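> For reference, this is coords-v6.tsv, and it has TSV, C-alpha atoms.
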chain	number	residue	atom	x	y	z
A	1123	MET	CA	76.01	25.94	129.65
A	1124	SER	CA	76.62	22.64	127.86
A	1125	ARG	CA	76.65	21.59	124.21
A	1126	GLY	CA	74.62	18.38	124.15
A	1127	THR	CA	75.72	15.23	125.84
A	1128	GLY	CA	79.21	15.22	124.35
A	1129	GLY	CA	79.84	18.98	124.57
A	1130	TRP	CA	81.33	21.30	127.10
A	1131	GLY	CA	80.22	21.21	130.67
A	1132	PRO	CA	78.91	24.13	132.64
A	1133	THR	CA	81.29	27.14	132.77
A	1134	PRO	CA	82.48	27.60	136.35
A	1135	ASP	CA	82.20	30.96	138.02
A	1136	SER	CA	85.45	32.92	138.34
A	1137	HIS	CA	85.11	33.08	142.10
A	1138	VAL	CA	85.37	29.29	142.27
A	1139	PHE	CA	89.04	29.35	141.35
A	1140	PRO	CA	91.63	29.78	144.13
A	1141	THR	CA	93.03	33.31	144.51
A	1142	ARG	CA	96.30	34.72	145.75
A	1143	ARG	CA	97.03	38.18	147.13
A	1144	TYR	CA	99.10	40.27	144.67
A	1145	ASP	CA	100.63	43.63	145.69
A	1146	LEU	CA	100.95	45.58	142.44
A	1147	VAL	CA	102.50	48.63	144.17
A	1148	LYS	CA	105.15	46.45	145.79
A	1149	GLU	CA	106.03	44.83	142.47
A	1150	PHE	CA	106.25	48.25	140.81
A	1151	VAL	CA	108.56	49.64	143.50
A	1152	ILE	CA	110.86	46.60	143.29
A	1153	ALA	CA	110.99	46.79	139.50
A	1154	LEU	CA	111.66	50.53	139.63
A	1155	GLY	CA	114.47	50.03	142.13
A	1156	VAL	CA	116.12	47.30	140.06
A	1157	VAL	CA	115.91	49.34	136.86
A	1158	THR	CA	117.26	52.43	138.64
A	1159	VAL	CA	120.27	50.55	140.01
A	1160	LEU	CA	120.99	48.98	136.63
A	1161	SER	CA	120.67	52.37	134.93
A	1162	VAL	CA	123.09	54.02	137.36
A	1163	VAL	CA	125.62	51.20	136.98
A	1164	ALA	CA	125.33	51.31	133.19
A	1165	ALA	CA	125.74	55.10	133.24
A	1166	LEU	CA	128.87	54.84	135.38
A	1167	VAL	CA	130.40	52.16	133.17
A	1168	PHE	CA	129.29	53.11	129.67
A	1169	SER	CA	128.32	56.80	129.67
A	1170	SER	CA	130.33	59.47	127.89
A	1171	PRO	CA	132.54	61.67	130.07
A	1172	ASP	CA	131.45	65.23	130.64
A	1173	ASP	CA	134.74	67.03	130.13
A	1174	PRO	CA	134.44	70.78	130.72
A	1175	ALA	CA	134.97	73.08	127.76
A	1176	ILE	CA	138.39	74.66	127.35
A	1177	SER	CA	138.12	78.33	128.24
A	1178	LEU	CA	140.38	81.13	127.06
A	1179	GLN	CA	141.45	81.62	130.67
A	1180	GLN	CA	142.48	77.97	130.92
A	1181	TRP	CA	144.33	78.34	127.63
A	1182	ALA	CA	146.24	81.36	128.96
A	1183	ARG	CA	147.23	79.59	132.15
A	1184	GLN	CA	148.22	76.28	130.58
A	1185	ALA	CA	149.84	77.55	127.39
A	1186	PRO	CA	150.64	81.29	127.72
A	1187	ALA	CA	153.26	81.16	124.96
A	1188	ASP	CA	150.64	79.81	122.56
A	1189	VAL	CA	148.33	82.75	123.36
A	1190	VAL	CA	151.10	85.24	122.56
A	1191	ALA	CA	152.03	83.41	119.35
A	1192	THR	CA	148.39	83.26	118.27
A	1193	ALA	CA	147.89	86.97	118.92
A	1194	ALA	CA	150.95	87.74	116.79
A	1195	GLY	CA	149.63	85.43	114.08
A	1196	GLU	CA	146.28	87.20	114.07
A	1197	LEU	CA	148.05	90.54	113.56
A	1198	ALA	CA	150.16	89.03	110.79
A	1199	GLY	CA	147.13	87.46	109.13
A	1200	THR	CA	148.69	84.00	109.10
A	1201	THR	CA	146.20	82.11	111.31
A	1202	THR	CA	143.57	79.69	110.08
A	1203	SER	CA	140.66	82.05	110.67
A	1204	ALA	CA	142.44	84.96	108.95
A	1205	GLY	CA	142.81	82.94	105.77
A	1206	TYR	CA	139.73	80.74	106.02
A	1207	GLY	CA	137.48	82.39	103.46
A	1208	ALA	CA	133.68	82.23	103.51
A	1209	PRO	CA	131.64	82.56	105.64
A	1210	TYR	CA	134.13	84.69	107.64
A	1211	ASN	CA	136.11	86.62	105.01
A	1212	THR	CA	137.24	86.64	101.39
A	1213	ALA	CA	140.86	85.65	102.06
A	1214	ALA	CA	140.51	82.24	100.37
A	1215	GLU	CA	138.47	80.54	97.68
A	1216	GLY	CA	137.48	77.71	100.02
A	1217	GLN	CA	136.41	74.20	99.15
A	1218	SER	CA	134.69	73.35	95.91
A	1219	LEU	CA	132.95	70.41	94.32
A	1220	GLY	CA	134.11	70.29	90.73
A	1221	PRO	CA	133.45	73.67	89.12
A	1222	VAL	CA	131.05	74.75	91.90
A	1223	ASN	CA	132.58	76.55	94.87
A	1224	LEU	CA	130.07	75.54	97.53
A	1225	GLN	CA	131.91	77.30	100.36
A	1226	LYS	CA	132.06	80.62	98.56
A	1227	LEU	CA	128.54	80.36	97.11
A	1228	PRO	CA	126.63	81.72	100.19
A	1229	GLY	CA	129.13	84.58	100.58
A	1230	VAL	CA	130.45	86.16	103.76
A	1231	THR	CA	127.57	85.72	106.19
A	1232	LEU	CA	129.55	86.10	109.44
A	1233	PRO	CA	132.23	88.76	108.86
A	1234	VAL	CA	135.34	88.25	111.00
A	1235	ASP	CA	138.43	90.45	110.96
A	1236	SER	CA	140.79	88.28	112.99
A	1237	ALA	CA	143.30	91.00	113.91
A	1238	LYS	CA	140.65	93.54	114.82
A	1239	ASP	CA	138.02	91.32	116.42
A	1240	PHE	CA	140.30	88.95	118.33
A	1241	VAL	CA	143.18	91.20	119.37
A	1242	LEU	CA	142.94	94.93	118.74
A	1243	ASP	CA	139.35	95.56	119.88
A	1244	PRO	CA	139.75	93.54	123.13
A	1245	VAL	CA	143.10	95.18	123.96
A	1246	ARG	CA	141.59	98.59	123.24
A	1247	THR	CA	139.25	98.08	126.19
A	1248	LEU	CA	142.23	98.30	128.59
A	1249	VAL	CA	141.79	102.04	128.95
A	1250	GLY	CA	143.72	102.07	132.24
A	1251	ASP	CA	146.72	100.28	130.76
A	1252	THR	CA	148.86	103.03	129.26
A	1253	ALA	CA	151.32	100.61	127.65
A	1254	ALA	CA	148.54	98.70	125.87
A	1255	THR	CA	146.81	101.91	124.77
A	1256	ALA	CA	150.06	103.34	123.39
A	1257	ALA	CA	150.83	100.07	121.59
A	1258	VAL	CA	147.44	99.99	119.84
A	1259	ARG	CA	147.81	103.64	118.88
A	1260	ALA	CA	151.27	102.99	117.42
A	1261	TRP	CA	149.93	100.00	115.49
A	1262	GLU	CA	147.02	101.91	113.99
A	1263	SER	CA	149.21	104.86	112.98
A	1264	ALA	CA	151.56	102.62	110.96
A	1265	SER	CA	151.08	101.62	107.34
A	1266	ALA	CA	149.74	98.21	106.39
A	1267	ASP	CA	153.15	97.13	105.11
A	1268	GLN	CA	154.82	98.20	108.36
A	1269	GLN	CA	152.18	96.35	110.42
A	1270	GLN	CA	152.75	93.21	108.37
A	1271	ALA	CA	156.52	93.48	108.76
A	1272	TRP	CA	156.31	93.90	112.56
A	1273	ALA	CA	153.84	91.05	113.10
A	1274	THR	CA	155.60	88.63	110.74
A	1275	ALA	CA	159.00	89.34	112.30
A	1276	TYR	CA	157.68	88.76	115.80
A	1277	SER	CA	155.86	85.55	114.79
A	1278	ASP	CA	159.04	84.20	113.23
A	1279	ALA	CA	161.08	85.18	116.28
A	1280	LEU	CA	158.62	83.41	118.60
A	1281	ALA	CA	158.86	80.25	116.50
A	1282	LYS	CA	162.65	80.28	116.87
A	1283	ALA	CA	162.67	81.07	120.60
A	1284	PRO	CA	163.25	78.18	123.04
A	1285	ASP	CA	159.84	76.66	123.86
A	1286	GLY	CA	158.29	79.66	122.10
A	1287	ASP	CA	158.85	81.69	125.28
A	1288	PRO	CA	158.26	85.41	124.60
A	1289	ALA	CA	160.86	86.24	127.26
A	1290	LYS	CA	163.51	84.44	125.19
A	1291	VAL	CA	162.79	86.10	121.85
A	1292	ALA	CA	165.83	87.56	120.14
A	1293	ALA	CA	166.03	91.33	119.85
A	1294	GLY	CA	164.53	92.81	116.72
A	1295	ASP	CA	162.23	95.42	115.23
A	1296	TYR	CA	158.81	94.18	116.31
A	1297	GLY	CA	157.16	97.54	116.87
A	1298	PRO	CA	154.21	97.44	119.29
A	1299	VAL	CA	153.38	93.79	118.54
A	1300	PRO	CA	155.00	92.33	121.72
A	1301	ALA	CA	153.12	94.81	123.91
A	1302	ILE	CA	149.81	94.09	122.18
A	1303	ALA	CA	150.32	90.32	122.44
A	1304	ALA	CA	151.24	90.62	126.12
A	1305	ALA	CA	148.08	92.65	126.76
A	1306	GLU	CA	146.05	89.95	125.00
A	1307	LEU	CA	147.57	87.37	127.33
A	1308	ARG	CA	146.65	89.44	130.39
A	1309	LEU	CA	143.08	89.76	129.16
A	1310	ALA	CA	142.80	86.01	128.60
A	1311	ASP	CA	144.39	85.18	131.95
A	1312	SER	CA	141.94	87.45	133.77
A	1313	GLY	CA	138.94	85.80	132.10
A	1314	ALA	CA	137.84	89.06	130.49
A	1315	LEU	CA	138.72	88.06	126.94
A	1316	GLU	CA	136.08	85.32	126.89
A	1317	GLY	CA	133.35	87.80	127.79
A	1318	LEU	CA	134.59	90.36	125.28
A	1319	LEU	CA	134.39	87.85	122.44
A	1320	THR	CA	131.06	86.24	123.37
A	1321	SER	CA	128.98	89.23	124.52
A	1322	ARG	CA	129.40	91.54	121.55
A	1323	THR	CA	126.92	89.73	119.34
A	1324	SER	CA	124.19	89.16	121.92
A	1325	PHE	CA	123.24	90.47	125.34
A	1326	PHE	CA	123.43	87.07	127.02
A	1327	GLY	CA	126.79	86.14	125.52
A	1328	VAL	CA	125.80	82.77	124.09
A	1329	ASP	CA	127.60	83.10	120.75
A	1330	SER	CA	131.01	81.44	121.19
A	1331	THR	CA	131.96	81.57	117.50
A	1332	LYS	CA	134.75	84.12	117.83
A	1333	ALA	CA	136.12	82.64	121.04
A	1334	LEU	CA	136.27	79.20	119.41
A	1335	LEU	CA	137.90	80.58	116.27
A	1336	LEU	CA	140.60	82.28	118.34
A	1337	LEU	CA	141.17	79.14	120.41
A	1338	ALA	CA	141.35	76.99	117.28
A	1339	ASP	CA	143.93	79.34	115.74
A	1340	GLY	CA	146.38	78.26	118.42
A	1341	THR	CA	147.85	74.81	119.00
A	1342	HIS	CA	146.48	74.17	122.51
A	1343	LEU	CA	143.05	72.99	121.35
A	1344	GLU	CA	144.48	70.64	118.73
A	1345	ASP	CA	146.97	69.24	121.22
A	1346	ALA	CA	144.16	68.55	123.69
A	1347	ALA	CA	142.09	66.86	120.98
A	1348	ARG	CA	144.93	64.65	119.81
A	1349	ALA	CA	145.68	63.66	123.39
A	1350	GLN	CA	142.13	62.26	123.49
A	1351	ASN	CA	142.55	60.54	120.08
A	1352	LEU	CA	140.15	62.98	118.45
A	1353	GLY	CA	142.37	64.09	115.59
A	1354	GLY	CA	141.10	63.74	112.04
A	1355	ASP	CA	143.66	61.03	111.26
A	1356	GLN	CA	142.73	59.29	114.54
A	1357	TRP	CA	139.15	58.61	113.43
A	1358	GLY	CA	138.13	61.49	115.65
A	1359	ILE	CA	134.63	61.85	114.19
A	1360	MET	CA	133.55	58.53	115.66
A	1361	ASN	CA	135.70	58.61	118.81
A	1362	GLU	CA	134.82	59.85	122.28
A	1363	THR	CA	137.03	61.54	124.84
A	1364	GLY	CA	138.99	58.95	126.75
A	1365	ASN	CA	138.63	55.21	126.17
A	1366	TYR	CA	134.92	55.31	125.42
A	1367	PRO	CA	133.20	53.72	122.43
A	1368	GLY	CA	131.89	56.98	120.97
A	1369	GLN	CA	129.68	56.84	117.89
A	1370	PRO	CA	130.62	53.64	115.99
A	1371	TRP	CA	127.84	54.19	113.47
A	1372	LEU	CA	129.94	57.04	112.04
A	1373	TRP	CA	132.69	54.65	110.94
A	1374	LEU	CA	131.75	54.93	107.28
A	1375	TYR	CA	131.85	58.72	107.36
A	1376	SER	CA	135.18	58.77	109.21
A	1377	LEU	CA	136.67	56.06	106.99
A	1378	TRP	CA	136.98	58.27	103.94
A	1379	TYR	CA	139.15	60.79	105.76
A	1380	GLN	CA	141.78	58.07	106.24
A	1381	VAL	CA	142.19	57.07	102.57
A	1382	PRO	CA	143.33	58.93	99.44
A	1383	PRO	CA	142.32	61.09	97.76
A	1384	PHE	CA	140.40	62.52	100.72
A	1385	SER	CA	143.27	62.18	103.20
A	1386	THR	CA	145.45	64.46	101.06
A	1387	SER	CA	142.81	66.75	99.54
A	1388	ASP	CA	142.06	70.35	100.48
A	1389	ASN	CA	138.45	69.62	99.53
A	1390	ALA	CA	138.12	66.60	101.82
A	1391	ASP	CA	135.11	67.88	103.77
A	1392	ILE	CA	132.99	68.59	100.72
A	1393	GLY	CA	134.27	65.48	98.93
A	1394	VAL	CA	133.34	63.18	101.83
A	1395	TRP	CA	130.02	64.95	102.25
A	1396	ALA	CA	129.17	64.47	98.56
A	1397	LEU	CA	130.21	60.82	98.63
A	1398	MET	CA	128.08	60.11	101.70
A	1399	ILE	CA	125.10	61.77	100.01
A	1400	LEU	CA	125.54	59.48	97.00
A	1401	LEU	CA	125.90	56.39	99.19
A	1402	SER	CA	122.81	57.35	101.18
A	1403	ILE	CA	120.79	57.81	98.01
A	1404	GLY	CA	122.05	54.44	96.82
A	1405	PHE	CA	120.96	52.70	100.04
A	1406	VAL	CA	117.52	54.28	99.78
A	1407	CYS	CA	117.16	53.22	96.14
A	1408	ILE	CA	118.26	49.59	96.62
A	1409	PRO	CA	114.66	48.28	96.25
A	1410	TRP	CA	114.55	49.81	92.76
A	1411	ILE	CA	118.01	48.84	91.50
A	1412	PRO	CA	117.91	45.68	89.33
A	1413	GLY	CA	120.32	43.04	90.53
A	1414	LEU	CA	120.84	44.58	93.96
A	1415	ARG	CA	117.21	44.25	94.96
A	1416	THR	CA	117.26	40.49	94.27
A	1417	LEU	CA	120.67	39.91	95.81
A	1418	PRO	CA	119.32	38.73	99.20
A	1419	ARG	CA	117.25	36.06	97.42
A	1420	HIS	CA	120.27	34.74	95.55
A	1421	LEU	CA	122.53	34.78	98.60
A	1422	GLY	CA	120.03	32.73	100.54
A	1423	VAL	CA	121.04	34.06	103.94
A	1424	HIS	CA	117.39	34.17	104.95
A	1425	ARG	CA	117.24	30.39	104.76
A	1426	LEU	CA	119.48	30.17	107.82
A	1427	VAL	CA	116.84	31.83	109.99
A	1428	TRP	CA	113.61	31.13	108.11
A	1429	ARG	CA	112.87	27.52	107.42
A	1430	THR	CA	109.62	26.04	106.21
A	1431	GLN	CA	108.08	23.73	108.80
A	1432	ARG	CA	107.29	20.38	107.32
A	1433	ARG	CA	104.67	18.01	108.71
Show me the file's structure as structure tokens.

Amino acid sequence: MSRGTGGWGPTPDSHVFPTRRYDLVKEFVIALGVVTVLSVVAALVFSSPDDPAISLQQWARQAPADVVATAAGELAGTTTSAGYGAPYNTAAEGQSLGPVNLQKLPGVTLPVDSAKDFVLDPVRTLVGDTAATAAVRAWESASADQQQAWATAYSDALAKAPDGDPAKVAAGDYGPVPAIAAAELRLADSGALEGLLTSRTSFFGVDSTKALLLLADGTHLEDAARAQNLGGDQWGIMNETGNYPGQPWLWLYSLWYQVPPFSTSDNADIGVWALMILLSIGFVCIPWIPGLRTLPRHLGVHRLVWRTQRR
């Protein structure tokens, strides 16, 4: 249809134009193949490694002396978990924010008796091991002061022994502690200790809290973390195992752990958490803060990318 003598001419039919065969399925398959190859290559080059979790059995086989020393420390009550405080026990006040003790506020919600739960109860299951049974019986029949004296003496002796080797510990009055610690090592080496610590809270054994607490009480886990540059003073929060980029967006959170007063404070976790909350609130409120909200206009950075077109 035309618009007068100077208007548009008749609209041609679509079938008048030349056509070309187009295989949509073929194009889709090619695109899918290219994207798949690129995804696989990117995954091989940039993906995070899938390192297997450290098991208690692996711990026992790679660092048996550390297992024995940790068991003695649990009996002496000198490990991290034994003196952690809430939510596991009341052995410490925990971290606080000013006058408010935020760690202690919820109370003990997951009771853990390190000596009993991590060492004595597992060793007590060795009903066929007469030496282990007799050692636990001797421990339980002694007074609390005597138990403390035995465990502390053995822990100190292990620390002084060459390479912490239990076989090289100097003679002393350690009571049944060496036998109990040796039984703990046998349980861990057999793989039974992992099941004993994870299956007591649920039928399927999916709660690894106690197993992780016991593992963290030793030095093997920390040594493995530091070997991968995952220590707290190695910016571990934002690092990844191996030479991988990790989570660089966590740099601000990890930064505060490297500078005083957080780097030397016992309340570093709560202090950093509170500071990040304040910073986050500040970022959210920038549009309502006088001076800050008009800062981009005064800086004029937008003029570098947004220019008025003149005719």
> Excluding Ala1301 in chain A and its own-chain neighbours fewer than 3 positions away, which residues fall within 9 Å of it when counting all atoms listed in the file? Please give them as a ChimeraX atom specification.
/A:1253-1254,1257-1258,1297-1298,1304-1306
> Quick one: axis-aligned box around all listed atoms of range 1299-1313 of chain A, 5 Å on every side, centre and edge lengths in Å to one decimal, written as JSON.

{"center_x": 147.0, "center_y": 90.0, "center_z": 126.2, "size_x": 26.1, "size_y": 19.6, "size_z": 25.2}
> One decimal, in Å: what's the spacing between CA of Thr1200 in chain A and CA of Pro1233 in chain A?
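Spanning CA of Thr1200 in chain A to CA of Pro1233 in chain A is a straight-line distance of 17.1 Å.
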> Could you check the closest approach to Ala1346 in chain A for each of A:Phe1150, A:Gly1216, A:Ala1275, A:Trp1181 and tell me which residue wins, using all atoms listed in the file?
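Closest to Ala1346 in chain A, using all atoms listed in the file: A:Trp1181.
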> So what do you get for CA of Ala1185 in chain A versus CA of Thr1255 in chain A, distance-wise?
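Separation between CA of Ala1185 in chain A and CA of Thr1255 in chain A: 24.7 Å.
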> Taking into account only C-alpha atoms, which residue in the set A:Asp1329, A:Thr1192, A:Asp1345, A:Glu1262 is nearest to Thr1274 in chain A?
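Once distances to Thr1274 in chain A are computed over only C-alpha atoms, the minimum belongs to A:Thr1192.
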> Report as number ranges by chain all protein, DNA and RNA residues lying within 7 Å of range 1366-1380 of chain A, evaluated on all atoms listed in the file, omitting residues in the same chain fewer than 6 positions from it.
A: 1170, 1355, 1357, 1359-1360, 1394, 1398
> Within 12 Å of Ser1312 in chain A, counting all atoms listed in the file, which residues qualify if same-chain residues fewer than 5 places away don't, as an MDAnalysis selection string?
chainID A and resid 1177:1183 1305:1307 1317:1318
> Counting all atoms listed in the file, which of A:Ala1214, A:Ala1208, A:Leu1426, A:Ala1271 gets nearest to Thr1231 in chain A?
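Closest to Thr1231 in chain A, using all atoms listed in the file: A:Ala1208.
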> Near Pro1171 in chain A, counting all atoms listed in the file, which residues have an atom at most 12 Å away, once you skip same-chain residues fewer than 5 positions from it, shown as a list of chain:residue names?
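Answer for this query is A:Ala1165, A:Leu1166, A:Gln1350, A:Glu1362, A:Thr1363, A:Gly1364, A:Asn1365, A:Tyr1366, A:Pro1367, A:Gly1368.
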> Convert the current residue selection to file output with C-alpha atoms, as a PDB file, keeping the file's coordinate frame.

ATOM      1  CA  ALA A1165     125.740  55.100 133.240  1.00  0.00           C
ATOM      2  CA  LEU A1166     128.870  54.840 135.380  1.00  0.00           C
ATOM      3  CA  GLN A1350     142.130  62.260 123.490  1.00  0.00           C
ATOM      4  CA  GLU A1362     134.820  59.850 122.280  1.00  0.00           C
ATOM      5  CA  THR A1363     137.030  61.540 124.840  1.00  0.00           C
ATOM      6  CA  GLY A1364     138.990  58.950 126.750  1.00  0.00           C
ATOM      7  CA  ASN A1365     138.630  55.210 126.170  1.00  0.00           C
ATOM      8  CA  TYR A1366     134.920  55.310 125.420  1.00  0.00           C
ATOM      9  CA  PRO A1367     133.200  53.720 122.430  1.00  0.00           C
ATOM     10  CA  GLY A1368     131.890  56.980 120.970  1.00  0.00           C
TER      11      GLY A1368
END
> Considering only C-alpha atoms, can you say which of A:Gly1354, A:Pro1244, A:Gly1195, A:Pro1288 comes closest to Leu1315 in chain A?
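Comparing A:Gly1354, A:Pro1244, A:Gly1195, A:Pro1288 against Leu1315 in chain A, the winner is A:Pro1244.
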> At most 6 Å from (156.3, 94.1, 115.2), file frame, only C-alpha atoms: which residues, as a ChimeraX atom specification?
/A:1272-1273,1276,1296-1299
> Using all atoms listed in the file, which of A:Ala1264, A:Val1190, A:Val1406, A:Ala1396 sits nearest Pro1300 in chain A?
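Between A:Ala1264, A:Val1190, A:Val1406, A:Ala1396, the residue approaching Pro1300 in chain A most closely is A:Val1190.
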> List every protein, DNA or RNA residue that has at least one atom no more than 6 Å from (137.4, 89.5, 106.0) in the file's coordinates, counting all atoms listed in the file, and write the result as a list in words.
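Here is the list of nearby residues: Asn1211, Thr1212, Pro1233, Val1234 and Asp1235 of chain A.
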> Using all atoms listed in the file, can you tell me which of A:Thr1247, A:Asn1351, A:Gln1268, A:Thr1202 comes closest to Ala1338 in chain A?
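That would be A:Thr1202, the residue with the smallest distance to Ala1338 in chain A.
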> Work out how far apart CA of Thr1341 in chain A and CA of Pro1382 in chain A are and give it in Å to one decimal.
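So the answer is 25.6 Å.
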> Show which residues sit within 10 Å of Leu1334 in chain A, as a list in words. Count only C-alpha atoms, and ignore same-chain residues fewer than 6 positions away.
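The residues that qualify are Ile1176, Ser1177, Leu1178, Glu1316, Leu1319, Thr1320 and Leu1343 of chain A.
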